[in-house]
>>> print(open('input_38.cif').read())   # mmCIF, C-alpha atoms, pLDDT in the B column; chains and numbers go by the auth columns
data_input
loop_
_atom_site.group_PDB
_atom_site.id
_atom_site.type_symbol
_atom_site.label_atom_id
_atom_site.label_comp_id
_atom_site.label_asym_id
_atom_site.label_seq_id
_atom_site.Cartn_x
_atom_site.Cartn_y
_atom_site.Cartn_z
_atom_site.B_iso_or_equiv
_atom_site.auth_seq_id
_atom_site.auth_asym_id
ATOM 1 C CA MET A 1 -77.977 34.745 81.331 79.00 1 A
ATOM 2 C CA THR A 2 -81.189 36.494 82.331 87.00 2 A
ATOM 3 C CA LEU A 3 -83.403 37.944 79.623 85.00 3 A
ATOM 4 C CA SER A 4 -84.566 41.535 79.871 88.00 4 A
ATOM 5 C CA ALA A 5 -88.297 42.306 79.909 88.00 5 A
ATOM 6 C CA PHE A 6 -87.940 43.471 76.309 86.00 6 A
ATOM 7 C CA GLN A 7 -86.272 40.239 75.146 89.00 7 A
ATOM 8 C CA LEU A 8 -88.773 38.117 77.051 90.00 8 A
ATOM 9 C CA GLY A 9 -91.646 40.141 75.594 89.00 9 A
ATOM 10 C CA LYS A 10 -90.422 39.509 72.040 90.00 10 A
ATOM 11 C CA LEU A 11 -90.222 35.772 72.726 91.00 11 A
ATOM 12 C CA LYS A 12 -93.679 35.692 74.302 90.00 12 A
ATOM 13 C CA ILE A 13 -95.171 37.580 71.365 90.00 13 A
ATOM 14 C CA ALA A 14 -93.695 35.146 68.829 91.00 14 A
ATOM 15 C CA ALA A 15 -94.805 32.106 70.855 91.00 15 A
ATOM 16 C CA HIS A 16 -98.312 33.509 71.371 90.00 16 A
ATOM 17 C CA VAL A 17 -98.680 34.290 67.667 91.00 17 A
ATOM 18 C CA ARG A 18 -97.611 30.721 66.814 92.00 18 A
ATOM 19 C CA GLU A 19 -100.182 29.312 69.261 91.00 19 A
ATOM 20 C CA GLU A 20 -102.980 31.495 67.913 89.00 20 A
ATOM 21 C CA LEU A 21 -102.168 30.626 64.299 91.00 21 A
ATOM 22 C CA ASP A 22 -102.098 26.923 65.155 92.00 22 A
ATOM 23 C CA ARG A 23 -105.430 27.265 66.972 89.00 23 A
ATOM 24 C CA VAL A 24 -107.164 28.665 63.875 87.00 24 A
ATOM 25 C CA GLY A 25 -105.354 26.368 61.438 89.00 25 A
ATOM 26 C CA ILE A 26 -103.128 28.956 59.749 89.00 26 A
ATOM 27 C CA ALA A 27 -99.683 27.720 58.708 89.00 27 A
ATOM 28 C CA ALA A 28 -97.171 30.551 58.974 90.00 28 A
ATOM 29 C CA GLU A 29 -94.090 30.527 56.805 92.00 29 A
ATOM 30 C CA SER A 30 -92.337 32.765 59.333 93.00 30 A
ATOM 31 C CA ILE A 31 -92.899 34.856 62.425 93.00 31 A
ATOM 32 C CA GLN A 32 -90.357 37.550 63.201 91.00 32 A
ATOM 33 C CA CYS A 33 -90.148 40.078 65.984 90.00 33 A
ATOM 34 C CA LEU A 34 -87.374 42.504 65.019 87.00 34 A
ATOM 35 C CA SER A 35 -86.078 45.675 66.632 85.00 35 A
ATOM 36 C CA ASP A 36 -83.243 48.167 66.257 75.00 36 A
ATOM 37 C CA GLY A 37 -83.188 48.055 62.473 71.00 37 A
ATOM 38 C CA VAL A 38 -82.352 50.843 60.074 72.00 38 A
ATOM 39 C CA HIS A 39 -85.847 50.669 58.581 76.00 39 A
ATOM 40 C CA LEU A 40 -87.694 50.758 61.914 75.00 40 A
ATOM 41 C CA PRO A 41 -88.735 53.790 63.911 74.00 41 A
ATOM 42 C CA LEU A 42 -86.714 54.439 67.071 77.00 42 A
ATOM 43 C CA ARG A 43 -87.882 52.449 70.115 82.00 43 A
ATOM 44 C CA SER A 44 -90.154 50.186 68.111 85.00 44 A
ATOM 45 C CA THR A 45 -90.357 46.503 67.286 89.00 45 A
ATOM 46 C CA ARG A 46 -91.882 45.098 64.120 90.00 46 A
ATOM 47 C CA LEU A 47 -93.847 41.865 64.281 92.00 47 A
ATOM 48 C CA THR A 48 -93.944 40.319 60.799 92.00 48 A
ATOM 49 C CA ILE A 49 -95.970 37.239 59.893 94.00 49 A
ATOM 50 C CA ALA A 50 -95.689 35.515 56.515 93.00 50 A
ATOM 51 C CA VAL A 51 -98.654 33.366 55.455 91.00 51 A
ATOM 52 C CA GLY A 52 -99.190 32.029 51.945 86.00 52 A
ATOM 53 C CA GLY A 53 -96.695 34.448 50.451 87.00 53 A
ATOM 54 C CA THR A 54 -98.417 37.413 52.109 87.00 54 A
ATOM 55 C CA LEU A 55 -96.579 39.544 54.672 91.00 55 A
ATOM 56 C CA ALA A 56 -98.414 41.325 57.451 92.00 56 A
ATOM 57 C CA HIS A 57 -96.696 43.509 60.004 91.00 57 A
ATOM 58 C CA LEU A 58 -97.393 45.466 63.151 92.00 58 A
ATOM 59 C CA ASP A 59 -95.144 48.017 64.845 90.00 59 A
ATOM 60 C CA LEU A 60 -95.137 47.985 68.638 90.00 60 A
ATOM 61 C CA MET A 61 -93.422 50.441 70.952 89.00 61 A
ATOM 62 C CA THR A 62 -90.722 49.215 73.347 88.00 62 A
ATOM 63 C CA HIS A 63 -92.971 49.643 76.400 87.00 63 A
ATOM 64 C CA GLU A 64 -95.706 47.559 74.721 88.00 64 A
ATOM 65 C CA VAL A 65 -93.244 44.722 74.089 88.00 65 A
ATOM 66 C CA GLU A 66 -92.046 44.908 77.696 87.00 66 A
ATOM 67 C CA ASP A 67 -95.664 44.772 78.909 84.00 67 A
ATOM 68 C CA CYS A 68 -96.132 41.553 76.919 82.00 68 A
ATOM 69 C CA ALA A 69 -93.446 39.925 79.072 80.00 69 A
ATOM 70 C CA VAL A 70 -95.670 40.044 82.153 77.00 70 A
ATOM 71 C CA ILE A 71 -99.295 40.004 80.988 74.00 71 A
ATOM 72 C CA VAL A 72 -101.224 38.525 78.064 71.00 72 A
ATOM 73 C CA ALA A 73 -103.924 41.184 77.966 74.00 73 A
ATOM 74 C CA GLY A 74 -104.317 44.785 76.999 78.00 74 A
ATOM 75 C CA ASP A 75 -103.817 46.937 73.952 85.00 75 A
ATOM 76 C CA PRO A 76 -100.711 45.230 72.466 85.00 76 A
ATOM 77 C CA TRP A 77 -102.472 41.872 72.485 86.00 77 A
ATOM 78 C CA ARG A 78 -105.608 43.372 70.887 88.00 78 A
ATOM 79 C CA LYS A 79 -103.393 44.805 68.133 90.00 79 A
ATOM 80 C CA ILE A 80 -101.772 41.399 67.625 88.00 80 A
ATOM 81 C CA ALA A 81 -105.189 39.687 67.500 88.00 81 A
ATOM 82 C CA ALA A 82 -106.357 42.208 64.886 91.00 82 A
ATOM 83 C CA LEU A 83 -103.247 41.512 62.791 90.00 83 A
ATOM 84 C CA ILE A 84 -103.878 37.767 62.970 89.00 84 A
ATOM 85 C CA GLY A 85 -107.500 38.399 61.963 88.00 85 A
ATOM 86 C CA GLN A 86 -106.292 40.079 58.757 88.00 86 A
ATOM 87 C CA LEU A 87 -104.244 37.071 57.632 88.00 87 A
ATOM 88 C CA PRO A 88 -105.480 34.791 54.838 81.00 88 A
ATOM 89 C CA GLN A 89 -107.689 32.137 56.406 78.00 89 A
ATOM 90 C CA PRO A 90 -107.336 28.441 55.551 73.00 90 A
ATOM 91 C CA LYS A 91 -109.843 27.100 53.052 70.00 91 A
ATOM 92 C CA GLN A 92 -112.620 25.001 54.571 66.00 92 A
ATOM 93 C CA ASP A 93 -113.196 21.571 53.016 59.00 93 A
#
>>> encode(input="input_38.cif", output="structure tokens")
Amino acid sequence: MTLSAFQLGKLKIAAHVREELDRVGIAAESIQCLSDGVHLPLRSTRLTIAVGGTLAHLDLMTHEVEDCAVIVAGDPWRKIAALIGQLPQPKQD
């Protein structure tokens, strides 16, 4: 079965977030990329990251998620980087 650009974009976003969190030493409890929910705006996807009991989320439009399937640059990725920057940072020893 072939994945659509939207499905592939959601997978790439989750994998990229995991890589970036690992790179800066943040242990995420969960990373979710959900769409089509009752509590979400139409044609949007919610990226939710749980770190240390704190939830952070970012809503992306369908076309932004599809763009993430083919390129790791641009506005969606800047938004994701800003979200990661807001997460609780690990304590330095």
>>> atom_distance(input="input_38.cif", atom1="CA of Arg78 (chain A)", atom2="CA of Leu47 (chain A)")
13.6 Å
>>> residues_around(input="input_38.cif", residues="Cys33 (chain A)", least_positions_apart="5", cutoff="9 Å", atoms="all atoms listed in the file", output="PDB file with C-alpha atoms, in the frame of the given file")
ATOM      1  CA  LYS A  10     -90.422  39.509  72.040  1.00 90.00           C
ATOM      2  CA  LEU A  11     -90.222  35.772  72.726  1.00 91.00           C
ATOM      3  CA  ILE A  13     -95.171  37.580  71.365  1.00 90.00           C
ATOM      4  CA  ALA A  14     -93.695  35.146  68.829  1.00 91.00           C
ATOM      5  CA  THR A  45     -90.357  46.503  67.286  1.00 89.00           C
ATOM      6  CA  ARG A  46     -91.882  45.098  64.120  1.00 90.00           C
ATOM      7  CA  LEU A  47     -93.847  41.865  64.281  1.00 92.00           C
ATOM      8  CA  THR A  48     -93.944  40.319  60.799  1.00 92.00           C
ATOM      9  CA  ILE A  49     -95.970  37.239  59.893  1.00 94.00           C
TER      10      ILE A  49
END
>>> resolve_selection(input="input_38.cif", expression="the PyMOL selection byres ((chain A and resi 7) around 12)", output="JSON, numbers by chain")
{"A": [1, 2, 3, 4, 5, 6, 8, 9, 10, 11, 12, 13, 14, 33, 34, 35, 45, 62, 63, 64, 65, 66, 67, 68, 69, 70]}
>>> write_last_selection(input="input_38.cif", atoms="C-alpha atoms", output="tab-separated table (two decimals), in the frame of the given file")
chain	number	residue	atom	x	y	z
A	1	MET	CA	-77.98	34.74	81.33
A	2	THR	CA	-81.19	36.49	82.33
A	3	LEU	CA	-83.40	37.94	79.62
A	4	SER	CA	-84.57	41.54	79.87
A	5	ALA	CA	-88.30	42.31	79.91
A	6	PHE	CA	-87.94	43.47	76.31
A	8	LEU	CA	-88.77	38.12	77.05
A	9	GLY	CA	-91.65	40.14	75.59
A	10	LYS	CA	-90.42	39.51	72.04
A	11	LEU	CA	-90.22	35.77	72.73
A	12	LYS	CA	-93.68	35.69	74.30
A	13	ILE	CA	-95.17	37.58	71.36
A	14	ALA	CA	-93.70	35.15	68.83
A	33	CYS	CA	-90.15	40.08	65.98
A	34	LEU	CA	-87.37	42.50	65.02
A	35	SER	CA	-86.08	45.68	66.63
A	45	THR	CA	-90.36	46.50	67.29
A	62	THR	CA	-90.72	49.22	73.35
A	63	HIS	CA	-92.97	49.64	76.40
A	64	GLU	CA	-95.71	47.56	74.72
A	65	VAL	CA	-93.24	44.72	74.09
A	66	GLU	CA	-92.05	44.91	77.70
A	67	ASP	CA	-95.66	44.77	78.91
A	68	CYS	CA	-96.13	41.55	76.92
A	69	ALA	CA	-93.45	39.92	79.07
A	70	VAL	CA	-95.67	40.04	82.15
>>> residues_around(input="input_38.cif", residues="Gly52 (chain A)", least_positions_apart="2", cutoff="8 Å", atoms="all atoms listed in the file", output="VMD selection string")
chain A and resid 28 to 29 50 54 88
>>> closest_residue(input="input_38.cif", among="A:His16, A:Val24, A:Ile31, A:Pro90", to="His57 (chain A)", atoms="all atoms listed in the file")
A:Ile31
>>> closest_residue(input="input_38.cif", among="A:Met61, A:Ile84, A:Lys91, A:Ser44", to="Arg23 (chain A)", atoms="only C-alpha atoms")
A:Ile84
>>> closest_residue(input="input_38.cif", among="A:Arg43, A:Ser30, A:Gln89, A:Glu19", to="Asp59 (chain A)", atoms="only C-alpha atoms")
A:Arg43
>>> atom_distance(input="input_38.cif", atom1="CA of Ala82 (chain A)", atom2="CA of Val38 (chain A)")
26.0 Å
>>> closest_residue(input="input_38.cif", among="A:Glu20, A:Ala15, A:Ile80, A:Val72", to="Ala56 (chain A)", atoms="all atoms listed in the file")
A:Ile80
>>> closest_residue(input="input_38.cif", among="A:Leu58, A:Leu87, A:Ile71, A:Gly53", to="Gln32 (chain A)", atoms="only C-alpha atoms")
A:Leu58
>>> axis_aligned_box(input="input_38.cif", around="region 21-37 of chain A", padding_each_side="4 Å", output="lines of an AutoDock Vina configuration file")
center_x = -95.2
center_y = 37.3
center_z = 61.9
size_x = 32.0
size_y = 29.8
size_z = 18.2
